[in-house]
Amino acid sequence: MHCVDVRTAISARADGEEPPPEVSGAALDAHLRGCAECRDWEERVHRLKVLTARLGLV
């Protein structure tokens, strides 16, 4: 699985949307366990969601 596909799925998950059909939840979680860069990206997405919620932008 490519990181770009995983990051698309992370964005979808954070927005409450369905992930791309080629990325199952199990595959996404498995990739995140093995890829520190995507885990870091997921954390940044989460922090951005929290900050925008605090500002009332979500």
# chains A, B, ... in the order shown; residues from 1 in each chain; ligands from 1
call {"tool": "residues_around", "arguments": {"residues": "range 37-51 of chain A", "least_positions_apart": "6", "cutoff": "9 Å", "atoms": "only C-alpha atoms", "output": "PyMOL selection string"}}
result
chain A and resi 3+6-7+10-11+14-15+31+57-58
call {"tool": "residues_around", "arguments": {"residues": "Val23 in chain A", "least_positions_apart": "5", "cutoff": "9 Å", "atoms": "only C-alpha atoms", "output": "tab-separated table (two decimals) with C-alpha atoms, in the first residue's frame"}}
result
chain	number	residue	atom	x	y	z
A	1	MET	CA	0.00	0.00	0.00
A	5	ASP	CA	-3.48	6.12	-0.44
A	6	VAL	CA	-3.16	5.77	3.32
A	9	ALA	CA	-7.92	7.26	3.91
A	28	LEU	CA	-4.94	1.17	7.02
call {"tool": "atom_distance", "arguments": {"atom1": "CA of Val4 in chain A", "atom2": "CA of Pro19 in chain A"}}
result
12.6 Å
call {"tool": "atom_distance", "arguments": {"atom1": "CA of Asp29 in chain A", "atom2": "CA of Ala12 in chain A"}}
result
13.8 Å
call {"tool": "atom_distance", "arguments": {"atom1": "CA of Gly25 in chain A", "atom2": "CA of Thr8 in chain A"}}
result
12.3 Å
call {"tool": "select_by_dssp", "arguments": {"residues": "range 6-53 of chain A", "states": "alpha helix (DSSP H)", "output": "PyMOL selection string"}}
result
chain A and resi 6-14+25-34+36-53
call {"tool": "decode", "arguments": {"residues": "range 28-44 of chain A", "atoms": "all heavy atoms", "output": "mmCIF file, in the first residue's frame"}}
result
data_model
loop_
_atom_site.group_PDB
_atom_site.id
_atom_site.type_symbol
_atom_site.label_atom_id
_atom_site.label_comp_id
_atom_site.auth_asym_id
_atom_site.auth_seq_id
_atom_site.Cartn_x
_atom_site.Cartn_y
_atom_site.Cartn_z
ATOM 1 N N LEU A 28 -5.371 -0.152 6.553
ATOM 2 C CA LEU A 28 -4.941 1.174 7.015
ATOM 3 C C LEU A 28 -4.238 1.051 8.364
ATOM 4 O O LEU A 28 -3.137 1.573 8.546
ATOM 5 C CB LEU A 28 -6.140 2.107 7.120
ATOM 6 C CG LEU A 28 -5.908 3.476 7.738
ATOM 7 C CD1 LEU A 28 -4.882 4.272 6.944
ATOM 8 C CD2 LEU A 28 -7.219 4.233 7.833
ATOM 9 N N ASP A 29 -4.852 0.349 9.289
ATOM 10 C CA ASP A 29 -4.260 0.173 10.616
ATOM 11 C C ASP A 29 -2.927 -0.563 10.545
ATOM 12 O O ASP A 29 -1.973 -0.203 11.238
ATOM 13 C CB ASP A 29 -5.232 -0.556 11.538
ATOM 14 C CG ASP A 29 -6.463 0.286 11.850
ATOM 15 O OD1 ASP A 29 -6.390 1.525 11.735
ATOM 16 O OD2 ASP A 29 -7.496 -0.315 12.201
ATOM 17 N N ALA A 30 -2.832 -1.569 9.686
ATOM 18 C CA ALA A 30 -1.587 -2.314 9.532
ATOM 19 C C ALA A 30 -0.486 -1.409 8.984
ATOM 20 O O ALA A 30 0.655 -1.443 9.445
ATOM 21 C CB ALA A 30 -1.787 -3.519 8.618
ATOM 22 N N HIS A 31 -0.827 -0.586 8.005
ATOM 23 C CA HIS A 31 0.165 0.331 7.442
ATOM 24 C C HIS A 31 0.638 1.313 8.510
ATOM 25 O O HIS A 31 1.836 1.574 8.631
ATOM 26 C CB HIS A 31 -0.416 1.083 6.248
ATOM 27 C CG HIS A 31 0.564 2.024 5.618
ATOM 28 N ND1 HIS A 31 1.408 1.642 4.602
ATOM 29 C CD2 HIS A 31 0.846 3.323 5.884
ATOM 30 C CE1 HIS A 31 2.174 2.676 4.266
ATOM 31 N NE2 HIS A 31 1.843 3.711 5.026
ATOM 32 N N LEU A 32 -0.293 1.826 9.285
ATOM 33 C CA LEU A 32 0.075 2.800 10.322
ATOM 34 C C LEU A 32 0.991 2.189 11.378
ATOM 35 O O LEU A 32 1.876 2.872 11.890
ATOM 36 C CB LEU A 32 -1.179 3.380 10.971
ATOM 37 C CG LEU A 32 -1.962 4.350 10.094
ATOM 38 C CD1 LEU A 32 -3.304 4.685 10.735
ATOM 39 C CD2 LEU A 32 -1.159 5.608 9.836
ATOM 40 N N ARG A 33 0.806 0.921 11.678
ATOM 41 C CA ARG A 33 1.690 0.258 12.649
ATOM 42 C C ARG A 33 3.124 0.218 12.145
ATOM 43 O O ARG A 33 4.066 0.283 12.936
ATOM 44 C CB ARG A 33 1.204 -1.158 12.957
ATOM 45 C CG ARG A 33 0.030 -1.202 13.909
ATOM 46 C CD ARG A 33 -0.254 -2.607 14.408
ATOM 47 N NE ARG A 33 -0.644 -3.533 13.351
ATOM 48 C CZ ARG A 33 -1.872 -3.678 12.883
ATOM 49 N NH1 ARG A 33 -2.862 -2.958 13.376
ATOM 50 N NH2 ARG A 33 -2.133 -4.547 11.918
ATOM 51 N N GLY A 34 3.304 0.147 10.834
ATOM 52 C CA GLY A 34 4.644 0.007 10.287
ATOM 53 C C GLY A 34 5.240 1.252 9.670
ATOM 54 O O GLY A 34 6.388 1.236 9.228
ATOM 55 N N CYS A 35 4.491 2.346 9.612
ATOM 56 C CA CYS A 35 4.980 3.544 8.921
ATOM 57 C C CYS A 35 4.914 4.759 9.850
ATOM 58 O O CYS A 35 3.852 5.350 10.050
ATOM 59 C CB CYS A 35 4.160 3.806 7.656
ATOM 60 S SG CYS A 35 4.744 5.217 6.689
ATOM 61 N N ALA A 36 6.052 5.130 10.374
ATOM 62 C CA ALA A 36 6.122 6.260 11.296
ATOM 63 C C ALA A 36 5.722 7.575 10.627
ATOM 64 O O ALA A 36 5.104 8.429 11.261
ATOM 65 C CB ALA A 36 7.529 6.376 11.873
ATOM 66 N N GLU A 37 6.038 7.728 9.349
ATOM 67 C CA GLU A 37 5.695 8.972 8.657
ATOM 68 C C GLU A 37 4.178 9.140 8.541
ATOM 69 O O GLU A 37 3.655 10.245 8.731
ATOM 70 C CB GLU A 37 6.356 9.007 7.288
ATOM 71 C CG GLU A 37 7.870 9.127 7.385
ATOM 72 C CD GLU A 37 8.560 8.886 6.048
ATOM 73 O OE1 GLU A 37 7.892 8.566 5.056
ATOM 74 O OE2 GLU A 37 9.796 9.017 6.025
ATOM 75 N N CYS A 38 3.480 8.070 8.246
ATOM 76 C CA CYS A 38 2.017 8.165 8.152
ATOM 77 C C CYS A 38 1.382 8.324 9.527
ATOM 78 O O CYS A 38 0.378 9.024 9.666
ATOM 79 C CB CYS A 38 1.439 6.956 7.415
ATOM 80 S SG CYS A 38 1.712 7.037 5.623
ATOM 81 N N ARG A 39 1.962 7.700 10.559
ATOM 82 C CA ARG A 39 1.461 7.920 11.920
ATOM 83 C C ARG A 39 1.608 9.387 12.301
ATOM 84 O O ARG A 39 0.706 9.977 12.897
ATOM 85 C CB ARG A 39 2.198 7.035 12.929
ATOM 86 C CG ARG A 39 1.760 5.603 12.935
ATOM 87 C CD ARG A 39 2.271 4.848 14.154
ATOM 88 N NE ARG A 39 3.690 4.998 14.414
ATOM 89 C CZ ARG A 39 4.641 4.239 13.881
ATOM 90 N NH1 ARG A 39 4.338 3.273 13.054
ATOM 91 N NH2 ARG A 39 5.912 4.450 14.204
ATOM 92 N N ASP A 40 2.732 9.982 11.953
ATOM 93 C CA ASP A 40 2.961 11.395 12.223
ATOM 94 C C ASP A 40 1.953 12.249 11.460
ATOM 95 O O ASP A 40 1.384 13.191 12.015
ATOM 96 C CB ASP A 40 4.386 11.787 11.842
ATOM 97 C CG ASP A 40 4.673 13.248 12.112
ATOM 98 O OD1 ASP A 40 4.551 13.666 13.282
ATOM 99 O OD2 ASP A 40 5.017 13.967 11.153
ATOM 100 N N TRP A 41 1.695 11.889 10.222
ATOM 101 C CA TRP A 41 0.734 12.630 9.407
ATOM 102 C C TRP A 41 -0.665 12.525 10.018
ATOM 103 O O TRP A 41 -1.393 13.509 10.099
ATOM 104 C CB TRP A 41 0.752 12.096 7.976
ATOM 105 C CG TRP A 41 0.163 13.036 6.983
ATOM 106 C CD1 TRP A 41 0.790 14.061 6.360
ATOM 107 C CD2 TRP A 41 -1.173 13.024 6.502
ATOM 108 N NE1 TRP A 41 -0.089 14.688 5.516
ATOM 109 C CE2 TRP A 41 -1.303 14.069 5.585
ATOM 110 C CE3 TRP A 41 -2.284 12.219 6.761
ATOM 111 C CZ2 TRP A 41 -2.484 14.347 4.925
ATOM 112 C CZ3 TRP A 41 -3.460 12.497 6.100
ATOM 113 C CH2 TRP A 41 -3.554 13.545 5.196
ATOM 114 N N GLU A 42 -1.025 11.328 10.482
ATOM 115 C CA GLU A 42 -2.325 11.128 11.120
ATOM 116 C C GLU A 42 -2.445 12.004 12.367
ATOM 117 O O GLU A 42 -3.499 12.610 12.623
ATOM 118 C CB GLU A 42 -2.527 9.658 11.480
ATOM 119 C CG GLU A 42 -3.881 9.395 12.121
ATOM 120 C CD GLU A 42 -4.058 7.954 12.532
ATOM 121 O OE1 GLU A 42 -3.113 7.364 13.103
ATOM 122 O OE2 GLU A 42 -5.148 7.420 12.285
ATOM 123 N N GLU A 43 -1.386 12.080 13.141
ATOM 124 C CA GLU A 43 -1.397 12.917 14.347
ATOM 125 C C GLU A 43 -1.580 14.390 13.984
ATOM 126 O O GLU A 43 -2.321 15.114 14.645
ATOM 127 C CB GLU A 43 -0.106 12.713 15.141
ATOM 128 C CG GLU A 43 0.000 13.581 16.381
ATOM 129 C CD GLU A 43 -1.121 13.376 17.392
ATOM 130 O OE1 GLU A 43 -1.677 12.266 17.481
ATOM 131 O OE2 GLU A 43 -1.457 14.352 18.096
ATOM 132 N N ARG A 44 -0.918 14.836 12.927
ATOM 133 C CA ARG A 44 -1.079 16.237 12.507
ATOM 134 C C ARG A 44 -2.499 16.514 12.027
ATOM 135 O O ARG A 44 -3.044 17.579 12.308
ATOM 136 C CB ARG A 44 -0.053 16.591 11.430
ATOM 137 C CG ARG A 44 1.357 16.707 12.018
ATOM 138 C CD ARG A 44 2.365 17.127 10.995
ATOM 139 N NE ARG A 44 2.635 15.954 10.147
ATOM 140 C CZ ARG A 44 3.051 16.007 8.896
ATOM 141 N NH1 ARG A 44 3.266 17.161 8.316
ATOM 142 N NH2 ARG A 44 3.280 14.903 8.219
#
